[in-house]
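All remarks here apply to the structure that follows.
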Amino acid sequence: MPQFETDLVIAGAGTAGLLAAVAARRLGFEVLVVERTAYAGGTTSGSRGAMWLPANDLAGKLGVNDSVPAALEYLNSVLGDTTDASTAARREGYITSAPKMVRWLLSSRLPLFVMRLPDYHPAEEGGLPQGRVISTHHSDPKSLGDNAARLRRAPARTARKLPPLGFLAPKASTTGTRGESLATELLRRACVNGVEIWFETAFAELTETAGRVTGVVVERGGERVQVVARKAVLLACGGFEASQTLREEHLPLPTNAAWSLNEALNDGSALDPAMALGADTAAMGNAWWAPVIVANGVPYRIDRARQAPHSVIVDHAGDRFFSEAAGPAILGRYLYDRTRGVRSVPSFLIMDNKHRSSYELGPWKAGSTPRKAIDDGDIVRAGTLDELAQQLGIDRAGLIGTVVRFNGFAHKGVDEDFRRGESDWDRFGLGGSKKKNYGLAKLDRSPYWAAKVYPGDTGTKGGLLIDADSRVLRADGSPIAGLYACPGAAASLMKGTSPGPGAGLGEALIAAYRAVLAIDGAQGE
Ligand SMILES: Cc1cc2nc3c(=O)[nH]c(=O)nc-3n(C[C@H](O)[C@H](O)[C@H](O)COP(=O)(O)OP(=O)(O)OC[C@H]3O[C@@H](n4cnc5c(N)ncnc54)[C@H](O)[C@@H]3O)c2cc1C
């Protein structure tokens, strides 16, 4: 078998892998990144690139009053009891490293900015209405020159402008860029600093000597290549969202890889090789849920449509069961929790014609619903709520009763059942003010519309058990020497919830950053 030798092997050229590669080069390591596809950037390129990184200097300069203790208090209050994957040390590691990593990225001239996004639970102890979510200013992939062809490009639907928020500080940005910009910036630094990247090369096996991981076997150009890693191996090759088999084995049912917003990149390839060396796994039943509708076989987020007025989400009994405006990570979970009592996968987004003529829904612009979408059953249209319920096969009296009750709440301006539209997070998508609850308005304009809502995801949360330094652990808690992983290859620390937008990318990047410092023996700077 051909052989190659380097200091650090990284599996996966998503942004976690790229960030680790850049950090390790800065410390003088020789680095090889192996990437199964022909492109770098991974899932992040197609994401919004929001990163939940509390107590960062950028927000401090805008006058946001945040601190490591406040952010840690907030994170603990959102996450509750510790677990194997969500230890006190990992939580503390995240929060203490966030400002340090941002400082390092800024000193490397990464063009970061604060987004006008609140925490998901701003009213919790230590929660904030803004300042913790940062992103990357637009960076033109063409600036990569020849390497531009190596960048995974964002699908057009991920770029959007965030709504103006009257109640947040005016200096934070409303511009929605793409994760593609972060990937561009990291790929540039990787190329300029001499990171070796092997594209179309799949990580397949780990090699071990006397209990220590000493390298990997990769599949490259139809042959297997042995790569010796003098210092360590870092698994940054994502979760198992694209594997229907692993989904059915571990996630709540029903589940479908076609509901995932990921582009079928990650199939859990970190798991078996590490488990063969005794690695433990955790959090396998959780994912970064994101409610979606499916149109033409493609999943679409419905964050704005479900926060918008003139709409409710109901189960098969025709009942509402949560605030439709809740954070996506939380809402997807509700669909499964509810389904234990009443069938709620799928649930139904019920809209009146004012909603359909005013708001975009999936691929359909406001006021425009193609005949084909109706014929295919991707969206259902009916003259009355009774007819709509019949077409959907859900409880007619239940649906009508729910809409009558909700219309009463709309009249009063208060959702007495689920407090929809009351928190800063709920109002964020609507550009609402504290004075008026824009999320509540009657459904009374025929025709009525409905689309099926599924628990989609932006990735899985389960994976290899790691410690605060991203070292992969055995079931007895001992680390496997030389083996590191970051979420999604590793288990997320976020349990079944999330503190705010960007926590998935945030924890993957921080785990990558901390892994490199640990491999170098540094205590953090
Ligand atoms: C539509 C969408 C929007 C999102 N928005 C956000 C957001 O705004 N904020 C946020 O925090 N998170 C968001 N996420 C999630 C976020 O993108 C991920 O958490 C993040 O990209 C994880 O980065 P990563 O580098 O760890 O993994 P990935 O970006 O998934 O990269 C993994 C890489 O490993 C490669 N790979 C897989 N298997 C192998 C193998 N065997 N050998 C070699 N290479 C392999 C893959 O091809 C891929 O390039 C979003 C996700 C989606 C789908």
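All residue names refer to the structure tokens as shown: chains lettered A, B, ... in order, residues numbered from 1 in each chain, ligands numbered from 1 in order.
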Using only C-alpha atoms and all ligand atoms, determine which residues fall within 7 Å of ligand 1, then list them as a PDB file with C-alpha atoms, in the first residue's frame.
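Writing the result to pocket-v1.pdb gives the following:
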ATOM      1  CA  ALA A  11     -10.881  13.817   7.762  1.00  0.00           C
ATOM      2  CA  GLY A  12     -13.344  16.263   6.158  1.00  0.00           C
ATOM      3  CA  ALA A  13     -12.814  19.672   4.571  1.00  0.00           C
ATOM      4  CA  GLY A  14     -15.895  21.331   6.021  1.00  0.00           C
ATOM      5  CA  THR A  15     -15.276  24.529   7.947  1.00  0.00           C
ATOM      6  CA  ALA A  16     -14.383  22.633  11.147  1.00  0.00           C
ATOM      7  CA  GLY A  17     -11.713  20.672   9.271  1.00  0.00           C
ATOM      8  CA  VAL A  34      -8.697  14.324   3.174  1.00  0.00           C
ATOM      9  CA  GLU A  35     -12.047  15.232   1.640  1.00  0.00           C
ATOM     10  CA  ARG A  36     -14.334  12.665   0.061  1.00  0.00           C
ATOM     11  CA  THR A  37     -15.949  15.050  -2.433  1.00  0.00           C
ATOM     12  CA  TYR A  39     -15.030  20.399  -2.865  1.00  0.00           C
ATOM     13  CA  ALA A  40     -14.117  22.096   0.403  1.00  0.00           C
ATOM     14  CA  GLY A  41     -16.649  23.920   2.559  1.00  0.00           C
ATOM     15  CA  GLY A  42     -18.944  21.038   3.470  1.00  0.00           C
ATOM     16  CA  THR A  43     -22.380  21.702   4.864  1.00  0.00           C
ATOM     17  CA  THR A  44     -21.344  25.189   5.940  1.00  0.00           C
ATOM     18  CA  GLY A  46     -24.880  25.787   1.986  1.00  0.00           C
ATOM     19  CA  SER A  47     -25.726  27.132   5.432  1.00  0.00           C
ATOM     20  CA  ARG A  48     -26.328  30.635   6.690  1.00  0.00           C
ATOM     21  CA  GLY A  49     -22.971  30.519   8.401  1.00  0.00           C
ATOM     22  CA  ALA A  50     -24.321  31.904  11.676  1.00  0.00           C
ATOM     23  CA  MET A  51     -22.049  31.106  14.647  1.00  0.00           C
ATOM     24  CA  TRP A  52     -23.197  31.328  18.274  1.00  0.00           C
ATOM     25  CA  THR A 158     -29.715  30.147   1.415  1.00  0.00           C
ATOM     26  CA  THR A 201     -10.256  10.925  -1.020  1.00  0.00           C
ATOM     27  CA  ALA A 202     -12.305   9.108   1.608  1.00  0.00           C
ATOM     28  CA  PHE A 203     -11.195   8.386   5.134  1.00  0.00           C
ATOM     29  CA  ALA A 204     -11.886   4.661   5.627  1.00  0.00           C
ATOM     30  CA  ALA A 236     -14.270  16.336  11.116  1.00  0.00           C
ATOM     31  CA  CYS A 237     -16.313  14.364   8.618  1.00  0.00           C
ATOM     32  CA  GLY A 238     -19.793  15.211   9.900  1.00  0.00           C
ATOM     33  CA  LEU A 261     -31.421  19.972   4.612  1.00  0.00           C
ATOM     34  CA  ASN A 262     -27.895  18.636   4.283  1.00  0.00           C
ATOM     35  CA  GLU A 263     -26.745  17.799   0.798  1.00  0.00           C
ATOM     36  CA  LEU A 265     -22.610  14.610   2.363  1.00  0.00           C
ATOM     37  CA  ASN A 266     -22.244  12.810   5.645  1.00  0.00           C
ATOM     38  CA  ASP A 267     -23.093   9.164   6.236  1.00  0.00           C
ATOM     39  CA  SER A 269     -18.218   7.271   8.267  1.00  0.00           C
ATOM     40  CA  ALA A 270     -16.374   8.325  11.449  1.00  0.00           C
ATOM     41  CA  THR A 458     -29.584  20.431   9.446  1.00  0.00           C
ATOM     42  CA  GLY A 459     -27.496  17.509  10.700  1.00  0.00           C
ATOM     43  CA  CYS A 486     -15.550  17.437  16.446  1.00  0.00           C
ATOM     44  CA  PRO A 487     -19.351  17.513  16.176  1.00  0.00           C
ATOM     45  CA  GLY A 488     -21.125  16.152  14.006  1.00  0.00           C
ATOM     46  CA  PRO A 501     -28.826  30.307  16.117  1.00  0.00           C
ATOM     47  CA  GLY A 502     -25.388  29.096  15.081  1.00  0.00           C
ATOM     48  CA  ALA A 503     -24.717  26.732  17.991  1.00  0.00           C
ATOM     49  CA  GLY A 504     -24.105  23.786  15.619  1.00  0.00           C
ATOM     50  CA  LEU A 505     -21.385  25.509  13.666  1.00  0.00           C
ATOM     51  CA  GLY A 506     -20.190  27.241  16.830  1.00  0.00           C
ATOM     52  CA  ALA A 508     -17.979  22.282  15.657  1.00  0.00           C
TER      53      ALA A 508
END
Alpha helix (DSSP H) per DSSP on the backbone: members of range 46-269 of chain A, as a PyMOL selection string
chain A and resi 57-61+68-79+88-107+179-192+244-250
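Take the candidates A:Ile10, A:Ala148, A:Asp84, A:Val102 and check each one against Ala38 in chain A using only C-alpha atoms; the shortest distance goes to A:Ala148.
Closest approach to Thr207 in chain A among A:Ala274, A:Val192, A:Val133, A:Ala468 is made by A:Ala274 (distances from only C-alpha atoms).
Closest approach to Gly521 in chain A among A:Leu473, A:Ala232, A:Leu277, A:Leu19: A:Ala232, based on only C-alpha atoms.
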Find the spatial neighbours of Ala490 in chain A, counting only C-alpha atoms, within a cut-off of 9 Å - ignore same-chain residues fewer than 4 positions away - and output them as an mmCIF file with C-alpha atoms, in the first residue's frame.
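Contents of out26.cif, as written:
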data_model
loop_
_atom_site.group_PDB
_atom_site.id
_atom_site.type_symbol
_atom_site.label_atom_id
_atom_site.label_comp_id
_atom_site.auth_asym_id
_atom_site.auth_seq_id
_atom_site.Cartn_x
_atom_site.Cartn_y
_atom_site.Cartn_z
ATOM 1 C CA LEU A 235 -12.314 13.390 12.531
ATOM 2 C CA ALA A 236 -14.270 16.336 11.116
ATOM 3 C CA GLY A 238 -19.793 15.211 9.900
ATOM 4 C CA GLY A 239 -22.730 13.238 11.267
ATOM 5 C CA ALA A 270 -16.374 8.325 11.449
ATOM 6 C CA LEU A 271 -18.336 5.919 13.620
ATOM 7 C CA THR A 281 -20.990 7.131 21.264
ATOM 8 C CA ALA A 282 -23.632 9.427 22.736
ATOM 9 C CA LYS A 461 -26.280 15.421 16.945
ATOM 10 C CA GLY A 462 -25.164 11.918 17.870
ATOM 11 C CA GLY A 463 -21.611 10.741 17.446
ATOM 12 C CA LEU A 464 -18.366 9.810 19.144
ATOM 13 C CA LEU A 465 -18.072 10.721 22.796
ATOM 14 C CA ILE A 466 -15.424 13.411 23.302
ATOM 15 C CA SER A 470 -12.150 16.926 21.693
ATOM 16 C CA VAL A 472 -12.357 10.627 21.648
ATOM 17 C CA TYR A 484 -9.796 13.655 18.186
ATOM 18 C CA ALA A 485 -13.230 14.477 16.754
ATOM 19 C CA CYS A 486 -15.550 17.437 16.446
ATOM 20 C CA ALA A 508 -17.979 22.282 15.657
#
